[in-house]
Amino acid sequence: MGRRSGGLIGIWAEQQRMAQRQREGQQQALLRQQRETERQQRAYERDVSRMQREQRAAYRRHRDADALRKTREIDERVAALEGLLAAGCRAPAFRVESLRRAEDVEPFAPGALAQPVPMPDQRHYSGRDGRARFERDWYAAQAAEARRLESLAAYRREYDAWAAARITEIREYNRGVAGTGEALAGGDAETVVDYFSAVLFSSTGWPDGFPREVSAAYDRGGRGFVLDWDLPGYEVVPETKGVKYLPSTDQEKEVARPVTQRRALYRSVLAQSVLLAVRELFAADRFGALESVALNGYVGGVDPATGLASRVCVASVVVGRQDFDRLNLELVAAVDCLTGALAGRLSGKPEERVAVAPLRTPDQVGGDVVVQGDGEEPDLLSMDPVAFEGLVAELFRARGLQAVTTRRSNDGGVDVDALDPDPISGGSIVVQVKRYRNTVPPSAVRDLFGTVQGAGANKGVLVTTSKFGPGSYTFANGKSLTLISGTELVDLLRQHGLRGRLGGAPETEVRPAPEGPAVPSDDHNLLGMVWRGSVALDVCALVCEGGRVLGDEWFVFYNNPSTPDGSVAMVPAAPGDRAAVRVGFDALPARADRLVLVAAVDPEVNPDADLRGFTEAGIRLRDGSGGELDRLDVSDGRGGETALVLGSFRRRAGGDWDFVIGGKGYAGGLGELVGDFGIEAS
């Protein structure tokens, strides 16, 4: 009995040992699983950390490269100003012969008429009625060929008549050019003034943005050309030396150019401009019309004593041809040459509009003074609407297109009908012109697109004396639409020998042509914010100059729902949006160059939350009526951060606005974020 009892105890003990080993095995497997999970988690965290470091490094490289690009652009502008005279001297001189037109006409191109009608092949006709069908088709082809030859002959006669008329027109024009040379050699005062004014206007030696206005007279007895010529203002020299990216604040910092360096370069630019203008005149004179040139250089601006626009003479020189021809302009120091070798006058402080006395003025010559250029160009803002449309049509014709203005009624919103004859990229173009001062509303761009579609045109062009906002450019992107702002229009007119300027009228809206829509007084955009996640967020906006807010009152949030001028305001969100900001980009202060949008966790509603659930975020760009124009994606939130820069709208040089995505996060919430923009949050 004892052994049997011991046997039962042994079996039980073995079972206990087996159970214990099983429990230990399960425990070890669980520990191994936990260690593997921890290892995978650490590997994942290392990968995430590495990816974030790489993203931050890539972002910094992008910002560094952007700052370097901007610095390089500034350096290139300064280099162009420093080498203005040398580059201009290397440009070919203007010649009367360049006005001549080659006696070339488009070759005769009959197109399909040049291809004979194919004759039927009897081998392809079989069957009992094959011969009858062949004869019928053969006679039909013979008749078609006869009609083709007749049409070809008629088309050839029309072409020959057109080509002869075109050659006659070109020869008549060239005879006029030859007459210009004779009039210059004879010293005809009107021809001399017109010709040498054209020399200055057509020169390729002047950088973009330099003024071109001349008042001139010609002294026939002394063969002297006397002119007042506009020079660029102090703003032509960049006040910024370069741009640096500051990683600590995620902002760009503009490095100011030393004042003494900027002033010295400006005086050099003025001296170079005077010397280059004189060089252009003498180089273009192959007829002995000029023995001397007297040039007075003027700069425009506002007189601080009166607050009115005025022109001040800052440079003056009288130089004879022989003295000027002895100079090596590509090597001279412009200021020393003008004031020393040529005994001219140059203001010591032109940036302060300190004037010099002109040595000789056009009205001292005794004849009529002819004024050409910017000062006498028609003001596009005050032109008659019909005349303005005619000028736009003339611009299109100067660019090689066929263009006519439409009738004043039943034109379907089309002011100019244009046709591009290019067989590949050409086609019909509908043109609308808007004489506005305020920003053109996006609704006008949408209306034009509807007109293009309704007319079956290839393209639509909207020309304005004003500018377009981001909503208009967003809507036009990717569509067969071209938007031409007022500044672009003036540049195009000058490029094609036409005249027009902006300004000279009160700073109020100009009424458009009767058939055009009025500019809405509430011209603005709505920025609707969307995101996924349950965390409560505050969306705010900062109106900034560079990386600094204009002032505490320009920080728009729940306790300050609007800027002082109402250009930016928090408004109720549209359906589908979670927050909204109304922005009148055209109404923002002139010194404001960016509008920054930020989001932060509401600490009262979610005191322990962060932005890890802030995903699929974006900004719905809407027009004033609420219509969605585009969606702008922004960065997702990250764990540990409670505030985030969504992005910023930044003003371009031409006055338009671009959106730049943000992404910088803050662990210290909204207070830390706005501190980077110069606001002390309480």
# chains A, B, ... in the order shown; residues from 1 in each chain; ligands from 1
call {"tool": "residues_around", "arguments": {"residues": "region 541-550 of chain A", "least_positions_apart": "3", "cutoff": "6 Å", "atoms": "only C-alpha atoms", "output": "PyMOL selection string"}}
result
chain A and resi 554-556+592-597+677-678
call {"tool": "write_last_selection", "arguments": {"atoms": "all heavy atoms", "output": "compact mmCIF listing (two decimals), in the first residue's frame"}}
result
# COMPACT_ATOMS: atom_id res chain seq x y z
N TRP A 554 -2.71 93.96 -34.50
CA TRP A 554 -2.71 93.26 -35.79
C TRP A 554 -2.59 91.75 -35.60
O TRP A 554 -2.35 91.02 -36.56
CB TRP A 554 -1.57 93.78 -36.68
CG TRP A 554 -1.77 95.22 -37.03
CD1 TRP A 554 -1.28 96.31 -36.37
CD2 TRP A 554 -2.55 95.74 -38.11
NE1 TRP A 554 -1.69 97.46 -36.97
CE2 TRP A 554 -2.47 97.15 -38.05
CE3 TRP A 554 -3.29 95.15 -39.13
CZ2 TRP A 554 -3.12 97.97 -38.95
CZ3 TRP A 554 -3.94 95.97 -40.05
CH2 TRP A 554 -3.85 97.36 -39.95
N PHE A 555 -2.76 91.28 -34.35
CA PHE A 555 -2.85 89.86 -34.02
C PHE A 555 -4.32 89.54 -33.83
O PHE A 555 -4.95 89.98 -32.85
CB PHE A 555 -2.03 89.58 -32.76
CG PHE A 555 -2.22 88.19 -32.19
CD1 PHE A 555 -2.40 87.09 -33.02
CD2 PHE A 555 -2.20 87.99 -30.82
CE1 PHE A 555 -2.58 85.83 -32.49
CE2 PHE A 555 -2.36 86.72 -30.29
CZ PHE A 555 -2.56 85.65 -31.13
N VAL A 556 -4.90 88.80 -34.76
CA VAL A 556 -6.34 88.54 -34.78
C VAL A 556 -6.60 87.17 -34.17
O VAL A 556 -6.12 86.15 -34.67
CB VAL A 556 -6.89 88.60 -36.22
CG1 VAL A 556 -8.38 88.29 -36.24
CG2 VAL A 556 -6.63 89.97 -36.83
N ALA A 592 2.72 95.91 -44.90
CA ALA A 592 2.50 94.50 -44.56
C ALA A 592 2.85 93.63 -45.77
O ALA A 592 2.30 93.82 -46.85
CB ALA A 592 1.05 94.28 -44.15
N ASP A 593 3.77 92.68 -45.58
CA ASP A 593 4.17 91.84 -46.71
C ASP A 593 3.83 90.37 -46.50
O ASP A 593 4.14 89.54 -47.34
CB ASP A 593 5.66 91.99 -47.00
CG ASP A 593 6.52 91.62 -45.80
OD1 ASP A 593 5.99 91.12 -44.80
OD2 ASP A 593 7.74 91.84 -45.87
N ARG A 594 3.17 90.05 -45.37
CA ARG A 594 2.75 88.66 -45.19
C ARG A 594 1.61 88.57 -44.17
O ARG A 594 1.50 89.39 -43.25
CB ARG A 594 3.92 87.78 -44.76
CG ARG A 594 4.53 88.07 -43.42
CD ARG A 594 5.82 87.27 -43.24
NE ARG A 594 6.83 87.68 -44.21
CZ ARG A 594 7.99 87.06 -44.36
NH1 ARG A 594 8.28 86.01 -43.64
NH2 ARG A 594 8.88 87.50 -45.25
N LEU A 595 0.76 87.58 -44.38
CA LEU A 595 -0.33 87.25 -43.47
C LEU A 595 -0.09 85.82 -43.01
O LEU A 595 -0.15 84.89 -43.82
CB LEU A 595 -1.69 87.38 -44.16
CG LEU A 595 -2.88 86.91 -43.34
CD1 LEU A 595 -3.17 87.89 -42.21
CD2 LEU A 595 -4.12 86.74 -44.22
N VAL A 596 0.19 85.65 -41.70
CA VAL A 596 0.56 84.34 -41.16
C VAL A 596 -0.65 83.74 -40.45
O VAL A 596 -1.30 84.41 -39.62
CB VAL A 596 1.74 84.47 -40.17
CG1 VAL A 596 2.15 83.10 -39.65
CG2 VAL A 596 2.92 85.15 -40.86
N LEU A 597 -0.97 82.49 -40.77
CA LEU A 597 -2.07 81.76 -40.14
C LEU A 597 -1.49 80.71 -39.21
O LEU A 597 -0.57 79.97 -39.59
CB LEU A 597 -2.95 81.10 -41.19
CG LEU A 597 -3.61 82.05 -42.20
CD1 LEU A 597 -4.38 81.26 -43.24
CD2 LEU A 597 -4.54 83.02 -41.49
N PHE A 677 7.03 86.25 -33.11
CA PHE A 677 6.60 87.32 -34.02
C PHE A 677 6.57 88.68 -33.32
O PHE A 677 6.01 89.64 -33.86
CB PHE A 677 5.22 87.00 -34.61
CG PHE A 677 5.23 85.84 -35.56
CD1 PHE A 677 5.06 84.55 -35.12
CD2 PHE A 677 5.45 86.04 -36.92
CE1 PHE A 677 5.08 83.48 -35.99
CE2 PHE A 677 5.47 84.98 -37.81
CZ PHE A 677 5.29 83.68 -37.34
N GLY A 678 7.14 88.75 -32.12
CA GLY A 678 7.28 90.04 -31.45
C GLY A 678 6.16 90.41 -30.52
O GLY A 678 6.05 91.57 -30.11
call {"tool": "closest_atom_pairs", "arguments": {"of": "region 312-344 of chain A", "to": "region 288-303 of chain A", "cutoff": "7 Å", "atoms": "only C-alpha atoms", "output": "tab-separated table"}}
result
residue	atom	partner	partner_atom	distance
A:Val312	CA	A:Tyr298	CA	5.3
A:Cys313	CA	A:Tyr298	CA	4.3
A:Val314	CA	A:Tyr298	CA	5.8
A:Ala315	CA	A:Gly297	CA	4.9
A:Ser316	CA	A:Asn296	CA	4.3
A:Val317	CA	A:Leu295	CA	5.6
A:Val318	CA	A:Ala294	CA	4.2
A:Val319	CA	A:Ser292	CA	5.6
A:Gly320	CA	A:Ser292	CA	4.2
A:Arg321	CA	A:Glu291	CA	5.5
call {"tool": "atom_distance", "arguments": {"atom1": "CA of Leu395 (chain A)", "atom2": "CA of Ala216 (chain A)"}}
result
26.9 Å
call {"tool": "residues_around", "arguments": {"residues": "Pro207 (chain A)", "least_positions_apart": "6", "cutoff": "12 Å", "atoms": "only C-alpha atoms", "output": "ChimeraX atom specification"}}
result
/A:76-85,87-88,231-232,236,269,273
call {"tool": "residues_around", "arguments": {"residues": "Pro247 (chain A)", "least_positions_apart": "5", "cutoff": "9 Å", "atoms": "only C-alpha atoms", "output": "short mmCIF file (atom, residue, chain, number, x, y, z; two decimals) with N, CA and C atoms, in the first residue's frame"}}
result
data_model
loop_
_atom_site.label_atom_id
_atom_site.label_comp_id
_atom_site.auth_asym_id
_atom_site.auth_seq_id
_atom_site.Cartn_x
_atom_site.Cartn_y
_atom_site.Cartn_z
N ARG A 60 15.51 72.82 -43.69
CA ARG A 60 16.50 73.89 -43.50
C ARG A 60 17.29 74.11 -44.78
N ARG A 63 15.17 76.21 -47.00
CA ARG A 63 15.11 77.62 -46.59
C ARG A 63 16.45 78.31 -46.82
N GLU A 252 13.23 84.50 -42.20
CA GLU A 252 14.29 85.11 -42.99
C GLU A 252 14.59 86.51 -42.46
#
call {"tool": "select_by_dssp", "arguments": {"residues": "region 393-585 of chain A", "states": "alpha helix (DSSP H)", "output": "PyMOL selection string"}}
result
chain A and resi 393-398+442-455+470-476+486-495
call {"tool": "closest_residue", "arguments": {"among": "A:Gln15, A:Thr439, A:Gly400, A:Asp538", "to": "Gly669 (chain A)", "atoms": "only C-alpha atoms"}}
result
A:Asp538
call {"tool": "select_by_dssp", "arguments": {"residues": "region 191-299 of chain A", "states": "strand (DSSP E or B)", "output": "PyMOL selection string"}}
result
chain A and resi 213-219+224-230+240-246+251-256+292-299
call {"tool": "residues_around", "arguments": {"residues": "region 91-102 of chain A", "least_positions_apart": "3", "cutoff": "9 Å", "atoms": "only C-alpha atoms", "output": "PyMOL selection string"}}
result
chain A and resi 87-88+105+170-171+173-175+177-178+180-181+195+199+202-205+280-281+283-286
call {"tool": "write_last_selection", "arguments": {"atoms": "C-alpha atoms", "output": "compact mmCIF listing (two decimals), in the first residue's frame"}}
result
# COMPACT_ATOMS: atom_id res chain seq x y z
CA ALA A 87 27.12 96.82 -70.76
CA GLY A 88 25.40 99.65 -72.60
CA VAL A 105 6.32 88.30 -98.15
CA ILE A 170 7.25 98.01 -97.83
CA ARG A 171 9.07 100.03 -100.49
CA TYR A 173 7.91 102.69 -96.00
CA ASN A 174 11.61 102.21 -96.84
CA ARG A 175 11.57 105.36 -98.96
CA VAL A 177 13.21 105.70 -93.88
CA ALA A 178 15.65 106.93 -96.51
CA THR A 180 14.61 110.30 -92.54
CA GLY A 181 18.35 110.00 -93.15
CA TYR A 195 14.74 110.37 -84.25
CA VAL A 199 17.03 106.25 -80.08
CA SER A 202 14.47 101.84 -78.22
CA SER A 203 17.83 101.34 -76.50
CA THR A 204 18.37 97.94 -74.92
CA GLY A 205 20.93 99.30 -72.47
CA GLU A 280 23.56 106.45 -77.36
CA LEU A 281 22.90 109.81 -79.05
CA ALA A 283 26.62 106.61 -81.60
CA ALA A 284 23.32 106.81 -83.48
CA ASP A 285 24.35 109.96 -85.37
CA ARG A 286 25.85 108.94 -88.71
